[in-house]
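J.: First the structure, then my questions, so here it is.
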Amino acid sequence: MTYFKDLYNKAIDDVRRAIQDSPYEIVRFSEDDNNTVILINTNKEEPVNQLILNIPKAFPYANCEIYATDKNKDLVVGLPGVNDHLQICAINYSISRPNPNKPAEFIINLIERAIKRIEDGLNGVSEEDYKDEFFSYWLCQSSDKHFHLIADNINDSTILKAKEKIKDKYYIVNTNINDEIMNYKNVIYFKTEKPLISPNQKINIQDILTDFQLNQFSKSKESIYFVLIKFINEDILIGFDIDRRNAHILKSLSFNNYKKLNEIFNQSKKLHIEILNTEKYYGRAGQGKSAITMNPVIIIGGGSIGSNLANYLQFAGVTNFIVIDPQTLYFENLGRHTGSFDQVIYKKAKVIQQNLYKKFPLTKCQAICNNYIREMQGNEKIFLDSDLIIDTTGDATSHVGLLKWLKHSGYNKNIILCGVEPFMTMGHVIVANKNYADYLIGRYDEHFLYKLRFLDKPLSKKEAGCVPYYFEYGGLDFVEYTMQAARLITAVLNKKINEGIFVKTGNISQKFIKEKNLILNDRTRTYIDYYNLKSYYTYKFNEKEAYWEEYDIYI
């Protein structure tokens, strides 16, 4: 049993007892590999006489979903906060969040708010909410309209026409789709409009490379080589993925004008061959290979922080990643994410994976489109085998969960927690280890809010739906924060930092605070007024003296 499995089982037992002791009644209780489903009688009139709780295995560190029953469909569909699948939006992070210390209390509160949500809708109390929430979120979620609009555009483009998947071999694409999401290590890339068919013919590498290049290839310690061959007169570019276990044989190629291509091979003066390896990529990067890890760096959260951190860490020489995020990339994410317009509706983890491959085909990156706690329950080994775990969710509840797992697990390396405050007034980077975990857990209050936050009441923008909040980041402030975070993380990988609480301040001038109506806590005001805390500086928390001191990052 892992820490999170034990916690889930205990939480479900607590929830079951709490419902039995409440005015509600359990009608049906079932559990499978993914969820626990509880049907309850509320002892109220239709349409809130019965509700369904869908509790994921990541509970109590993840939200559960609550639904009306099928027989109430005609009564509740179309009400504010109820979608076509009968899911009720009862989560609001400004007033409620999952509390791992009180899972049963959270569930009872969720049921009460779901009942009130439907009753308010029936009584016409939520008309403004209907406009704000239903049309902007639930309509999109409860129908395929949004997806069809995108799919129609794709069908009219060259993307679907030019892409063909050959089972167990390669993707073949036309360069009209140069941003199409796929692993460059499995792509043959043709700069030509010619049709493509597969004779599955193997080509000996000796027939292509010179003796010098063969010798260079044989001496390499790379596990995979990527050979680019450009046929200058024909304007064709082909990428060969070479497996060192079968070092002198190129993997099967697929094309229809094989005879013509063979003729080009025989005219070697037309070939320009480039062997790409790590040294080729990072030879000019200075610090380059200093942070390359044999084991993966795990990034939990593929949003704005996670995607940008992965990008900067790759600049620093990290070439082995696991990215974990179940969410989908949408248009509203693009202003802060490394993903692009044509990657909308793809999973964020996949988007990061493929963008890393575009930059450097030798990068290893596993994309896991799942909740990290659920993944940890089924495959804890990938976490235990990693060189570093970075939580970029900004969710304090998630931070505490990871710290408690660190205490109870056999993981003996570092965990890094990243998060930002509204308008990017401050972004923190917390470097944890097993001995430091208890102290850090104490930095969060009973509501899982971070005690060392700069703002007394963390403000957030309301976003429609069951995850109804987001922080507004200053664009340039955010870029600077993620770059500084990447520097700190690189220093951790190089064992120059082992623990500590760091912040990168944004604009904390009196003018900015007044303009944005930010509420600073007394401690922060003291830092600014008496300790001369400045905008756009990096600080480390001095635990003995309990104040922030300037910190220069050296990697």
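If you're wondering about the labels, chains in the structure tokens are A, B, ... by order shown, residues count from 1 in each chain, ligands from 1 in order shown.
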Could you pull the residues within 8 Å of Trp405 of chain A, counting only C-alpha atoms, minus those fewer than 3 positions along the same chain, as an mmCIF file with all heavy atoms, in the first residue's frame?
T.:
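Dumped everything to result.cif:
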data_model
loop_
_atom_site.group_PDB
_atom_site.id
_atom_site.type_symbol
_atom_site.label_atom_id
_atom_site.label_comp_id
_atom_site.auth_asym_id
_atom_site.auth_seq_id
_atom_site.Cartn_x
_atom_site.Cartn_y
_atom_site.Cartn_z
ATOM 1 N N TYR A 3 1.176 5.518 0.452
ATOM 2 C CA TYR A 3 0.591 6.516 1.347
ATOM 3 C C TYR A 3 -0.783 6.959 0.841
ATOM 4 O O TYR A 3 -1.742 7.057 1.613
ATOM 5 C CB TYR A 3 1.540 7.708 1.450
ATOM 6 C CG TYR A 3 0.918 8.916 2.107
ATOM 7 C CD1 TYR A 3 0.696 8.948 3.472
ATOM 8 C CD2 TYR A 3 0.545 10.026 1.339
ATOM 9 C CE1 TYR A 3 0.125 10.055 4.087
ATOM 10 C CE2 TYR A 3 -0.032 11.131 1.942
ATOM 11 C CZ TYR A 3 -0.241 11.144 3.309
ATOM 12 O OH TYR A 3 -0.813 12.238 3.898
ATOM 13 N N PHE A 4 -0.895 7.240 -0.467
ATOM 14 C CA PHE A 4 -2.148 7.771 -1.015
ATOM 15 C C PHE A 4 -3.249 6.702 -1.066
ATOM 16 O O PHE A 4 -4.429 7.025 -0.959
ATOM 17 C CB PHE A 4 -1.914 8.378 -2.398
ATOM 18 C CG PHE A 4 -1.189 9.695 -2.341
ATOM 19 C CD1 PHE A 4 0.097 9.811 -2.829
ATOM 20 C CD2 PHE A 4 -1.788 10.806 -1.780
ATOM 21 C CE1 PHE A 4 0.769 11.021 -2.771
ATOM 22 C CE2 PHE A 4 -1.126 12.019 -1.717
ATOM 23 C CZ PHE A 4 0.155 12.127 -2.217
ATOM 24 N N GLY A 401 0.120 17.289 0.196
ATOM 25 C CA GLY A 401 0.034 15.857 -0.082
ATOM 26 C C GLY A 401 1.377 15.275 -0.486
ATOM 27 O O GLY A 401 1.771 14.197 -0.014
ATOM 28 N N LEU A 402 2.102 15.982 -1.349
ATOM 29 C CA LEU A 402 3.422 15.498 -1.771
ATOM 30 C C LEU A 402 4.404 15.488 -0.609
ATOM 31 O O LEU A 402 5.223 14.567 -0.477
ATOM 32 C CB LEU A 402 3.961 16.382 -2.901
ATOM 33 C CG LEU A 402 3.680 15.938 -4.328
ATOM 34 C CD1 LEU A 402 4.313 16.905 -5.312
ATOM 35 C CD2 LEU A 402 4.206 14.530 -4.591
ATOM 36 N N HIS A 408 6.594 9.643 4.188
ATOM 37 C CA HIS A 408 6.231 8.242 4.414
ATOM 38 C C HIS A 408 6.795 7.278 3.371
ATOM 39 O O HIS A 408 6.735 6.068 3.552
ATOM 40 C CB HIS A 408 4.707 8.103 4.447
ATOM 41 C CG HIS A 408 4.064 8.787 5.617
ATOM 42 N ND1 HIS A 408 3.618 10.086 5.574
ATOM 43 C CD2 HIS A 408 3.824 8.352 6.880
ATOM 44 C CE1 HIS A 408 3.105 10.419 6.751
ATOM 45 N NE2 HIS A 408 3.218 9.391 7.561
ATOM 46 N N SER A 409 7.304 7.808 2.272
ATOM 47 C CA SER A 409 7.768 6.934 1.186
ATOM 48 C C SER A 409 9.267 6.673 1.311
ATOM 49 O O SER A 409 9.942 7.219 2.180
ATOM 50 C CB SER A 409 7.482 7.592 -0.170
ATOM 51 O OG SER A 409 8.368 8.689 -0.388
#
J.: Excluding segment 21-37 of chain A and any residue of its chain fewer than 5 positions from it, enumerate the residues within 9 Å of it, using only C-alpha atoms, and give them as a ChimeraX atom specification.
T.: /A:12,16,42-43,52-58,108,374
J.: Expressed in Å to a single decimal, how great is the separation between atom CA of Ile19 of chain A and atom CA of Lys71 of chain A?
T.: 22.2 Å
J.: Between atom CA of Thr526 of chain A and atom CA of Met424 of chain A, what is the distance, to one decimal in Å?
T.: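 Answer for the atom CA of Thr526 of chain A to atom CA of Met424 of chain A separation: 19.5 Å.
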J.: Ranking A:Gln354, A:Lys496, A:Lys413, A:Lys434 by minimum distance to Ile390 of chain A and counting only C-alpha atoms, which one comes first?
T.: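 Looking only at the distances to Ile390 of chain A, the closest residue turns out to be A:Lys413.
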J.: What does the structure give for the distance between atom CA of Ile107 of chain A and atom CA of Ile38 of chain A, in Å to one decimal?
T.: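 One can read the atom CA of Ile107 of chain A to atom CA of Ile38 of chain A distance as 11.3 Å.
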J.: For Glu119 of chain A, list every protein, DNA or RNA residue within 12 Å, evaluated using only C-alpha atoms, and leave out those in the same chain fewer than 2 positions away; present the list as a PyMOL selection string.
T.: chain A and resi 44-49+75-76+79-82+88+112-117+121-126
J.: I'd like the contact shell of Tyr450 of chain A - 10 Å cut-off, only C-alpha atoms, skipping same-chain residues fewer than 3 positions apart - returned as a PyMOL selection string.
T.: chain A and resi 395-397+399-400+440-447+453-454
J.: Between A:Phe106, A:Gln366, A:Asp385, A:Ala68, which residue has the minimum interatomic distance to Asn83 of chain A, considering only C-alpha atoms?
T.: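 Using only C-alpha atoms, the shortest distance to Asn83 of chain A belongs to A:Ala68.
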J.: Enumerate as number ranges by chain all residues of segment 284-532 of chain A assigned to strand (DSSP E) by DSSP on the backbone, naming them with the chain letters and numbers the document uses.
T.: A: 297-300, 320-324, 364-368, 388-391, 414-420, 426-432, 500-505
J.: From the options A:Tyr470, A:Tyr346, A:Tyr551, A:Tyr61, which residue's atoms come nearest to Lys5 of chain A, counting only C-alpha atoms?
T.: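 Of A:Tyr470, A:Tyr346, A:Tyr551, A:Tyr61, the one nearest Lys5 of chain A is A:Tyr61, counting only C-alpha atoms.
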J.: Which residue, A:Leu403, A:Leu452, A:Asp325, A:Met294, has the smallest gap to Asn521 of chain A when you use only C-alpha atoms?
T.: A:Leu452
J.: Mind checking which residues fall within 7 Å of Gln353 of chain A, counting only C-alpha atoms, ignoring those fewer than 4 positions away in the same chain, and posting them as a list of chain:residue names?
T.: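 Here the answer would be A:Ala349, A:Tyr357, A:Cys365, A:Gln366, A:Ala367.
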